[in-house]
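**Student:** Provided herewith: protein_15.txt, compact mmCIF, N, CA and C atoms.
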# COMPACT_ATOMS: atom_id res chain seq x y z
N MET W 37 -4.97 10.85 -196.47
CA MET W 37 -4.32 12.08 -196.05
C MET W 37 -5.38 13.18 -195.99
N GLU W 38 -5.27 14.00 -194.99
CA GLU W 38 -6.25 15.05 -194.81
C GLU W 38 -5.61 16.40 -195.07
N TYR W 39 -6.39 17.35 -195.54
CA TYR W 39 -5.86 18.67 -195.86
C TYR W 39 -6.46 19.72 -194.95
N TRP W 40 -5.72 20.80 -194.77
CA TRP W 40 -6.23 21.91 -193.98
C TRP W 40 -7.38 22.55 -194.73
N SER W 41 -8.00 23.53 -194.12
CA SER W 41 -9.20 24.13 -194.69
C SER W 41 -8.98 24.67 -196.10
N ASP W 42 -7.77 25.18 -196.39
CA ASP W 42 -7.54 25.69 -197.74
C ASP W 42 -7.04 24.58 -198.68
N GLY W 43 -6.81 23.38 -198.17
CA GLY W 43 -6.43 22.24 -198.97
C GLY W 43 -4.99 22.24 -199.41
N ALA W 44 -4.15 23.12 -198.87
CA ALA W 44 -2.78 23.24 -199.35
C ALA W 44 -1.79 22.37 -198.59
N PHE W 45 -1.97 22.18 -197.29
CA PHE W 45 -0.97 21.48 -196.48
C PHE W 45 -1.52 20.15 -195.96
N PRO W 46 -0.91 19.05 -196.34
CA PRO W 46 -1.38 17.77 -195.82
C PRO W 46 -0.91 17.58 -194.37
N THR W 47 -1.70 16.91 -193.58
CA THR W 47 -1.30 16.59 -192.21
C THR W 47 -0.85 15.14 -192.18
N LEU W 48 0.00 14.79 -191.22
CA LEU W 48 0.53 13.44 -191.12
C LEU W 48 -0.23 12.59 -190.13
N GLN W 49 -1.35 13.06 -189.65
CA GLN W 49 -2.06 12.32 -188.62
C GLN W 49 -3.46 11.95 -189.08
N HIS W 50 -3.97 10.93 -188.46
CA HIS W 50 -5.34 10.53 -188.69
C HIS W 50 -6.22 11.54 -187.99
N PRO W 51 -7.40 11.84 -188.50
CA PRO W 51 -8.23 12.88 -187.87
C PRO W 51 -8.63 12.57 -186.43
N ASP W 52 -8.65 11.29 -186.04
CA ASP W 52 -9.07 10.94 -184.68
C ASP W 52 -7.91 10.89 -183.69
N THR W 53 -6.68 10.99 -184.15
CA THR W 53 -5.52 10.87 -183.26
C THR W 53 -4.83 12.22 -183.11
N PRO W 54 -4.52 12.59 -181.86
CA PRO W 54 -3.75 13.82 -181.69
C PRO W 54 -2.33 13.64 -182.19
N LEU W 55 -1.70 14.73 -182.58
CA LEU W 55 -0.37 14.68 -183.16
C LEU W 55 0.65 14.12 -182.18
N LEU W 56 0.53 14.43 -180.89
CA LEU W 56 1.51 13.99 -179.91
C LEU W 56 1.33 12.53 -179.51
N HIS W 57 0.29 11.86 -180.01
CA HIS W 57 0.05 10.47 -179.67
C HIS W 57 1.25 9.59 -180.04
N PHE W 58 1.94 9.93 -181.11
CA PHE W 58 3.06 9.13 -181.57
C PHE W 58 4.24 9.19 -180.62
N PHE W 59 4.32 10.20 -179.79
CA PHE W 59 5.44 10.39 -178.89
C PHE W 59 5.12 10.03 -177.45
N ASP W 60 3.91 9.55 -177.16
CA ASP W 60 3.50 9.25 -175.80
C ASP W 60 4.29 8.08 -175.20
N SER W 61 4.67 7.13 -176.01
CA SER W 61 5.33 5.95 -175.45
C SER W 61 6.77 6.21 -175.03
N MET W 62 7.37 7.28 -175.52
CA MET W 62 8.76 7.58 -175.18
C MET W 62 8.81 8.85 -174.33
N PRO W 63 9.41 8.75 -173.13
CA PRO W 63 9.48 9.96 -172.30
C PRO W 63 10.39 11.01 -172.94
N SER W 64 10.07 12.25 -172.68
CA SER W 64 10.85 13.33 -173.26
C SER W 64 12.26 13.35 -172.68
N LEU W 65 13.15 13.98 -173.37
CA LEU W 65 14.53 14.09 -172.91
C LEU W 65 14.58 14.82 -171.58
N ARG W 66 13.78 15.86 -171.43
CA ARG W 66 13.75 16.60 -170.17
C ARG W 66 13.29 15.71 -169.02
N LEU W 67 12.26 14.91 -169.26
CA LEU W 67 11.75 14.02 -168.22
C LEU W 67 12.80 12.98 -167.85
N GLN W 68 13.53 12.47 -168.81
CA GLN W 68 14.60 11.52 -168.51
C GLN W 68 15.70 12.17 -167.68
N ARG W 69 16.05 13.39 -168.02
CA ARG W 69 17.09 14.10 -167.27
C ARG W 69 16.63 14.37 -165.84
N VAL W 70 15.37 14.75 -165.66
CA VAL W 70 14.84 15.00 -164.32
C VAL W 70 14.83 13.70 -163.51
N ARG W 71 14.45 12.59 -164.14
CA ARG W 71 14.45 11.30 -163.45
C ARG W 71 15.85 10.95 -162.94
N GLU W 72 16.84 11.09 -163.80
CA GLU W 72 18.22 10.76 -163.40
C GLU W 72 18.74 11.70 -162.31
N LEU W 73 18.40 12.98 -162.42
CA LEU W 73 18.82 13.95 -161.41
C LEU W 73 18.18 13.63 -160.06
N LEU W 74 16.88 13.33 -160.07
CA LEU W 74 16.19 12.98 -158.83
C LEU W 74 16.76 11.69 -158.25
N LYS W 75 17.04 10.72 -159.09
CA LYS W 75 17.61 9.45 -158.63
C LYS W 75 18.92 9.68 -157.90
N ARG W 76 19.78 10.51 -158.49
CA ARG W 76 21.08 10.79 -157.88
C ARG W 76 20.92 11.55 -156.57
N GLU W 77 20.09 12.58 -156.54
CA GLU W 77 19.94 13.41 -155.35
C GLU W 77 19.22 12.68 -154.21
N ILE W 78 18.22 11.86 -154.54
CA ILE W 78 17.54 11.09 -153.50
C ILE W 78 18.51 10.07 -152.90
N GLY W 79 19.31 9.45 -153.75
CA GLY W 79 20.32 8.50 -153.27
C GLY W 79 21.32 9.17 -152.34
N GLU W 80 21.77 10.38 -152.70
CA GLU W 80 22.71 11.11 -151.85
C GLU W 80 22.07 11.49 -150.52
N ALA W 81 20.81 11.93 -150.55
CA ALA W 81 20.13 12.31 -149.32
C ALA W 81 19.97 11.10 -148.40
N ILE W 82 19.63 9.97 -148.97
CA ILE W 82 19.47 8.75 -148.17
C ILE W 82 20.82 8.33 -147.59
N ARG W 83 21.87 8.42 -148.40
CA ARG W 83 23.20 8.04 -147.93
C ARG W 83 23.64 8.90 -146.74
N ARG W 84 23.32 10.21 -146.79
CA ARG W 84 23.72 11.11 -145.71
C ARG W 84 22.86 10.94 -144.46
N GLU W 85 21.59 10.61 -144.63
CA GLU W 85 20.65 10.60 -143.50
C GLU W 85 20.55 9.27 -142.76
N PHE W 86 20.81 8.16 -143.43
CA PHE W 86 20.59 6.84 -142.83
C PHE W 86 21.91 6.10 -142.68
N HIS W 87 22.11 5.50 -141.52
CA HIS W 87 23.31 4.70 -141.26
C HIS W 87 23.05 3.27 -141.72
N VAL W 88 24.06 2.67 -142.34
CA VAL W 88 23.94 1.32 -142.87
C VAL W 88 23.66 0.32 -141.76
N SER W 89 24.28 0.49 -140.60
CA SER W 89 24.10 -0.47 -139.51
C SER W 89 22.66 -0.48 -139.00
N GLU W 90 21.98 0.64 -139.12
CA GLU W 90 20.62 0.74 -138.60
C GLU W 90 19.56 0.34 -139.64
N ALA W 91 19.74 0.83 -140.88
CA ALA W 91 18.69 0.65 -141.89
C ALA W 91 19.11 -0.23 -143.05
N GLY W 92 20.29 -0.82 -143.01
CA GLY W 92 20.76 -1.58 -144.15
C GLY W 92 21.27 -0.64 -145.22
N LEU W 93 21.73 -1.22 -146.31
CA LEU W 93 22.23 -0.42 -147.43
C LEU W 93 21.07 -0.14 -148.37
N ILE W 94 20.60 1.10 -148.39
CA ILE W 94 19.45 1.49 -149.20
C ILE W 94 19.96 2.00 -150.54
N THR W 95 19.43 1.40 -151.61
CA THR W 95 19.83 1.77 -152.97
C THR W 95 18.60 2.25 -153.74
N VAL W 96 18.76 3.35 -154.46
CA VAL W 96 17.69 3.85 -155.33
C VAL W 96 17.90 3.22 -156.70
N ASN W 97 16.98 2.33 -157.10
CA ASN W 97 17.11 1.65 -158.38
C ASN W 97 16.58 2.48 -159.53
N ASP W 98 15.46 3.15 -159.31
CA ASP W 98 14.85 3.93 -160.39
C ASP W 98 13.89 4.94 -159.78
N VAL W 99 13.58 5.95 -160.55
CA VAL W 99 12.59 6.95 -160.16
C VAL W 99 11.65 7.13 -161.34
N ASP W 100 10.36 7.00 -161.09
CA ASP W 100 9.36 7.21 -162.12
C ASP W 100 8.64 8.52 -161.80
N VAL W 101 8.75 9.48 -162.70
CA VAL W 101 8.21 10.81 -162.46
C VAL W 101 6.96 11.01 -163.32
N ALA W 102 5.93 11.59 -162.73
CA ALA W 102 4.72 11.91 -163.49
C ALA W 102 5.04 13.01 -164.50
N GLY W 103 4.27 13.07 -165.55
CA GLY W 103 4.50 14.04 -166.61
C GLY W 103 4.46 15.48 -166.15
N ASP W 104 3.65 15.78 -165.11
CA ASP W 104 3.56 17.14 -164.60
C ASP W 104 4.60 17.42 -163.51
N LEU W 105 5.46 16.44 -163.20
CA LEU W 105 6.54 16.55 -162.21
C LEU W 105 6.05 16.82 -160.80
N LYS W 106 4.80 16.50 -160.51
CA LYS W 106 4.28 16.75 -159.16
C LYS W 106 4.36 15.53 -158.26
N SER W 107 4.61 14.37 -158.84
CA SER W 107 4.75 13.17 -158.02
C SER W 107 5.82 12.27 -158.63
N ALA W 108 6.47 11.50 -157.75
CA ALA W 108 7.51 10.58 -158.20
C ALA W 108 7.45 9.31 -157.35
N THR W 109 7.59 8.18 -158.01
CA THR W 109 7.68 6.91 -157.33
C THR W 109 9.15 6.49 -157.33
N VAL W 110 9.69 6.25 -156.14
CA VAL W 110 11.10 5.91 -155.98
C VAL W 110 11.19 4.42 -155.69
N PHE W 111 11.84 3.67 -156.59
CA PHE W 111 12.00 2.24 -156.42
C PHE W 111 13.32 1.98 -155.70
N ILE W 112 13.23 1.36 -154.54
CA ILE W 112 14.42 1.15 -153.70
C ILE W 112 14.61 -0.32 -153.41
N SER W 113 15.87 -0.67 -153.13
CA SER W 113 16.17 -2.00 -152.60
C SER W 113 17.02 -1.80 -151.36
N ILE W 114 16.90 -2.72 -150.43
CA ILE W 114 17.63 -2.62 -149.17
C ILE W 114 18.39 -3.92 -148.95
N LEU W 115 19.72 -3.79 -148.86
CA LEU W 115 20.55 -4.95 -148.57
C LEU W 115 20.79 -5.00 -147.07
N GLY W 116 20.53 -6.14 -146.51
CA GLY W 116 20.70 -6.33 -145.08
C GLY W 116 19.82 -7.45 -144.60
N ASN W 117 19.82 -7.69 -143.32
CA ASN W 117 18.95 -8.75 -142.79
C ASN W 117 17.50 -8.27 -142.82
N PRO W 118 16.54 -9.17 -142.65
CA PRO W 118 15.13 -8.78 -142.72
C PRO W 118 14.72 -7.67 -141.75
N ASP W 119 15.32 -7.65 -140.55
CA ASP W 119 15.01 -6.58 -139.60
C ASP W 119 15.49 -5.23 -140.12
N GLN W 120 16.68 -5.20 -140.69
CA GLN W 120 17.21 -3.96 -141.26
C GLN W 120 16.35 -3.50 -142.43
N GLN W 121 15.90 -4.44 -143.26
CA GLN W 121 15.07 -4.07 -144.40
C GLN W 121 13.75 -3.46 -143.94
N LYS W 122 13.14 -4.08 -142.96
CA LYS W 122 11.87 -3.57 -142.43
C LYS W 122 12.07 -2.20 -141.80
N ARG W 123 13.11 -2.08 -140.99
CA ARG W 123 13.39 -0.80 -140.32
C ARG W 123 13.77 0.28 -141.34
N GLY W 124 14.56 -0.07 -142.35
CA GLY W 124 14.96 0.89 -143.37
C GLY W 124 13.77 1.43 -144.15
N PHE W 125 12.84 0.54 -144.54
CA PHE W 125 11.66 0.98 -145.27
C PHE W 125 10.77 1.85 -144.39
N GLN W 126 10.66 1.47 -143.12
CA GLN W 126 9.87 2.26 -142.16
C GLN W 126 10.49 3.65 -141.99
N MET W 127 11.81 3.71 -141.87
CA MET W 127 12.49 4.99 -141.70
C MET W 127 12.33 5.87 -142.95
N LEU W 128 12.39 5.26 -144.13
CA LEU W 128 12.19 6.03 -145.36
C LEU W 128 10.83 6.69 -145.38
N ASN W 129 9.81 5.93 -145.03
CA ASN W 129 8.45 6.50 -145.04
C ASN W 129 8.27 7.55 -143.95
N GLU W 130 8.93 7.36 -142.79
CA GLU W 130 8.84 8.36 -141.73
C GLU W 130 9.56 9.65 -142.12
N GLN W 131 10.69 9.52 -142.81
CA GLN W 131 11.52 10.67 -143.16
C GLN W 131 11.26 11.18 -144.59
N ARG W 132 10.16 10.75 -145.20
CA ARG W 132 9.84 11.13 -146.58
C ARG W 132 9.85 12.65 -146.78
N ALA W 133 9.21 13.38 -145.88
CA ALA W 133 9.13 14.83 -146.01
C ALA W 133 10.51 15.48 -145.91
N ARG W 134 11.35 14.96 -145.02
CA ARG W 134 12.70 15.51 -144.88
C ARG W 134 13.52 15.25 -146.14
N ILE W 135 13.45 14.03 -146.66
CA ILE W 135 14.17 13.71 -147.89
C ILE W 135 13.67 14.58 -149.04
N GLN W 136 12.38 14.75 -149.10
CA GLN W 136 11.79 15.61 -150.14
C GLN W 136 12.29 17.04 -150.01
N GLY W 137 12.43 17.54 -148.79
CA GLY W 137 12.96 18.88 -148.56
C GLY W 137 14.42 19.00 -148.97
N LEU W 138 15.22 17.98 -148.67
CA LEU W 138 16.63 17.99 -149.08
C LEU W 138 16.76 17.97 -150.60
N VAL W 139 15.90 17.20 -151.25
CA VAL W 139 15.91 17.15 -152.71
C VAL W 139 15.48 18.50 -153.28
N ALA W 140 14.51 19.14 -152.64
CA ALA W 140 14.03 20.44 -153.12
C ALA W 140 15.14 21.49 -153.06
N LYS W 141 16.01 21.40 -152.06
CA LYS W 141 17.12 22.35 -151.96
C LYS W 141 18.19 22.07 -153.01
N ALA W 142 18.37 20.81 -153.35
CA ALA W 142 19.43 20.43 -154.29
C ALA W 142 19.01 20.55 -155.75
N VAL W 143 17.73 20.32 -156.04
CA VAL W 143 17.23 20.33 -157.41
C VAL W 143 16.23 21.47 -157.55
N ILE W 144 16.51 22.38 -158.44
CA ILE W 144 15.63 23.53 -158.65
C ILE W 144 14.63 23.19 -159.73
N LEU W 145 13.39 22.96 -159.30
CA LEU W 145 12.28 22.71 -160.21
C LEU W 145 11.11 23.58 -159.78
N LYS W 146 10.18 23.81 -160.70
CA LYS W 146 9.01 24.59 -160.35
C LYS W 146 8.23 23.89 -159.24
N TYR W 147 8.06 22.57 -159.37
CA TYR W 147 7.41 21.78 -158.35
C TYR W 147 8.39 20.68 -157.90
N THR W 148 8.49 20.51 -156.60
CA THR W 148 9.26 19.37 -156.10
C THR W 148 8.30 18.20 -156.03
N PRO W 149 8.62 17.10 -156.69
CA PRO W 149 7.68 15.98 -156.70
C PRO W 149 7.45 15.40 -155.30
N ALA W 150 6.22 15.02 -155.04
CA ALA W 150 5.90 14.29 -153.81
C ALA W 150 6.43 12.87 -153.99
N LEU W 151 7.25 12.44 -153.05
CA LEU W 151 7.91 11.14 -153.17
C LEU W 151 7.08 10.02 -152.57
N LYS W 152 7.09 8.90 -153.26
CA LYS W 152 6.46 7.68 -152.76
C LYS W 152 7.49 6.57 -152.91
N PHE W 153 7.83 5.90 -151.81
CA PHE W 153 8.83 4.85 -151.84
C PHE W 153 8.17 3.49 -152.04
N VAL W 154 8.74 2.72 -152.95
CA VAL W 154 8.23 1.38 -153.26
C VAL W 154 9.41 0.42 -153.20
N PHE W 155 9.23 -0.70 -152.49
CA PHE W 155 10.29 -1.69 -152.40
C PHE W 155 10.39 -2.43 -153.73
N ASP W 156 11.58 -2.44 -154.31
CA ASP W 156 11.83 -3.06 -155.61
C ASP W 156 12.69 -4.30 -155.38
N ASP W 157 12.11 -5.45 -155.60
CA ASP W 157 12.86 -6.69 -155.39
C ASP W 157 13.36 -7.28 -156.71
N SER W 158 13.43 -6.49 -157.74
CA SER W 158 13.86 -6.99 -159.05
C SER W 158 15.30 -7.50 -159.02
N ILE W 159 16.16 -6.88 -158.24
CA ILE W 159 17.55 -7.33 -158.15
C ILE W 159 17.61 -8.70 -157.47
N VAL W 160 16.83 -8.88 -156.41
CA VAL W 160 16.79 -10.16 -155.71
C VAL W 160 16.24 -11.24 -156.64
N ARG W 161 15.17 -10.91 -157.37
CA ARG W 161 14.60 -11.88 -158.31
C ARG W 161 15.58 -12.19 -159.43
N GLY W 162 16.28 -11.18 -159.93
CA GLY W 162 17.28 -11.40 -160.98
C GLY W 162 18.41 -12.29 -160.50
N ASN W 163 18.88 -12.07 -159.28
CA ASN W 163 19.93 -12.93 -158.71
C ASN W 163 19.44 -14.36 -158.55
N ARG W 164 18.18 -14.53 -158.18
CA ARG W 164 17.61 -15.88 -158.04
C ARG W 164 17.56 -16.58 -159.39
N VAL W 165 17.17 -15.88 -160.44
CA VAL W 165 17.14 -16.46 -161.78
C VAL W 165 18.54 -16.89 -162.20
N LEU W 166 19.54 -16.04 -161.95
CA LEU W 166 20.92 -16.39 -162.29
C LEU W 166 21.38 -17.62 -161.49
N GLN W 167 20.98 -17.72 -160.23
CA GLN W 167 21.34 -18.87 -159.40
C GLN W 167 20.71 -20.15 -159.97
N ILE W 168 19.46 -20.08 -160.40
CA ILE W 168 18.79 -21.24 -160.98
C ILE W 168 19.48 -21.67 -162.27
N ILE W 169 19.87 -20.71 -163.10
CA ILE W 169 20.58 -21.03 -164.34
C ILE W 169 21.90 -21.72 -164.04
N ASP W 170 22.63 -21.21 -163.05
CA ASP W 170 23.90 -21.84 -162.66
C ASP W 170 23.67 -23.27 -162.17
N GLU W 171 22.63 -23.49 -161.38
CA GLU W 171 22.33 -24.84 -160.88
C GLU W 171 22.00 -25.78 -162.03
N LEU W 172 21.24 -25.29 -163.02
CA LEU W 172 20.90 -26.13 -164.17
C LEU W 172 22.14 -26.47 -164.99
N GLU W 173 23.02 -25.51 -165.18
CA GLU W 173 24.26 -25.76 -165.92
C GLU W 173 25.13 -26.78 -165.18
N GLN W 174 25.20 -26.68 -163.86
CA GLN W 174 25.98 -27.63 -163.08
C GLN W 174 25.37 -29.03 -163.15
N ALA W 175 24.04 -29.10 -163.14
CA ALA W 175 23.36 -30.40 -163.21
C ALA W 175 23.60 -31.05 -164.57
N GLN W 176 23.64 -30.26 -165.63
CA GLN W 176 23.91 -30.81 -166.97
C GLN W 176 25.36 -31.23 -167.11
N ALA W 177 26.27 -30.57 -166.42
CA ALA W 177 27.69 -30.89 -166.51
C ALA W 177 28.05 -32.15 -165.72
N GLN W 178 27.28 -32.54 -164.73
CA GLN W 178 27.56 -33.71 -163.90
C GLN W 178 27.61 -35.00 -164.70
N PRO W 179 26.63 -35.37 -165.56
CA PRO W 179 26.71 -36.62 -166.30
C PRO W 179 27.89 -36.65 -167.28
N GLU W 180 28.27 -35.49 -167.82
CA GLU W 180 29.37 -35.43 -168.78
C GLU W 180 30.70 -35.79 -168.12
N LYS W 181 30.89 -35.45 -166.86
CA LYS W 181 32.16 -35.73 -166.16
C LYS W 181 32.34 -37.20 -165.87
N GLY W 182 31.26 -37.92 -165.67
CA GLY W 182 31.34 -39.33 -165.33
C GLY W 182 31.58 -40.23 -166.52
N GLY W 183 31.61 -39.70 -167.71
CA GLY W 183 31.82 -40.50 -168.90
C GLY W 183 30.46 -40.90 -169.48
N PRO W 184 30.49 -41.86 -170.40
CA PRO W 184 29.22 -42.26 -171.01
C PRO W 184 28.31 -42.97 -170.01
N ILE W 185 27.05 -42.74 -170.16
CA ILE W 185 26.06 -43.35 -169.28
C ILE W 185 25.74 -44.74 -169.79
N LYS W 186 25.88 -45.77 -168.92
CA LYS W 186 25.62 -47.15 -169.31
C LYS W 186 24.18 -47.49 -169.01
N PRO W 187 23.52 -48.16 -169.94
CA PRO W 187 22.12 -48.54 -169.71
C PRO W 187 21.96 -49.68 -168.75
Represent the structure from my file as structure tokens, please.
**Tutor:**
Amino acid sequence: MEYWSDGAFPTLQHPDTPLLHFFDSMPSLRLQRVRELLKREIGEAIRREFHVSEAGLITVNDVDVAGDLKSATVFISILGNPDQQKRGFQMLNEQRARIQGLVAKAVILKYTPALKFVFDDSIVRGNRVLQIIDELEQAQAQPEKGGPIKP
């Protein structure tokens, strides 16, 4: 334990570690609230601006905001055929500035984050894992239905 110059107050930190180091792994409550607000508003802007028949169903899965709130990565998924997915992602990147402007009008922040869209296929991968698990369960259930296996 280390003491201040007068030796009266102990500090809870190691001399080489800053005090806020212990809180770096967990985002602040304000940052979490801003992320959720941006997620909702970006999703609303996309819903109003893009037609499902043209760009597929675009869903905002998550928003990762930098600590200084000057940039944000928007993780999206697009339900539709491959042409709709390609066109939807292209339209998002073309209309990025417009969406950012709509978000700036809806969310009052000192800085409106610069948006970067990233295709998030985690839902597709998760569904594939669930499908594989179902197939394995069905394969294990098949020998049980036929009765005992004869050698």
**Student:** Rounded to one decimal place, report the CA of Leu74 (chain W)-CA of Gln121 (chain W) distance in Å.
**Tutor:**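 Atom-to-atom, CA of Leu74 (chain W) and CA of Gln121 (chain W) are spaced 22.4 Å apart.
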**Student:** Determine, counting all atoms listed in the file, which protein, DNA and RNA residues have an atom within 7 Å of an atom of Gly124 (chain W); residues of the same chain fewer than 4 positions away are not included. Present the result as a PyMOL selection string.
**Tutor:** chain W and resi 90-92+119-120+128-129
**Student:** Work out how far apart atom C of Val96 (chain W) and atom N of Phe111 (chain W) are and give it in Å to one decimal.
**Tutor:**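 Atom-to-atom, atom C of Val96 (chain W) to atom N of Phe111 (chain W), that is 6.1 Å.
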**Student:** One decimal, Å: what's the distance from CA of Leu151 (chain W) over to CA of Val70 (chain W), could you say?
**Tutor:** 13.7 Å
**Student:** So, with only N, CA and C atoms as the atoms that count, which of W:Leu172, W:Val143, W:Glu85, W:Ser113 lies closest to Asp157 (chain W)?
**Tutor:** W:Ser113
**Student:** Out of W:Leu73, W:Val88, W:Val110, W:Ile78, which residue has the shortest atom-to-atom distance to Lys152 (chain W) when counting only N, CA and C atoms?
**Tutor:**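 Closest candidate: W:Val110.
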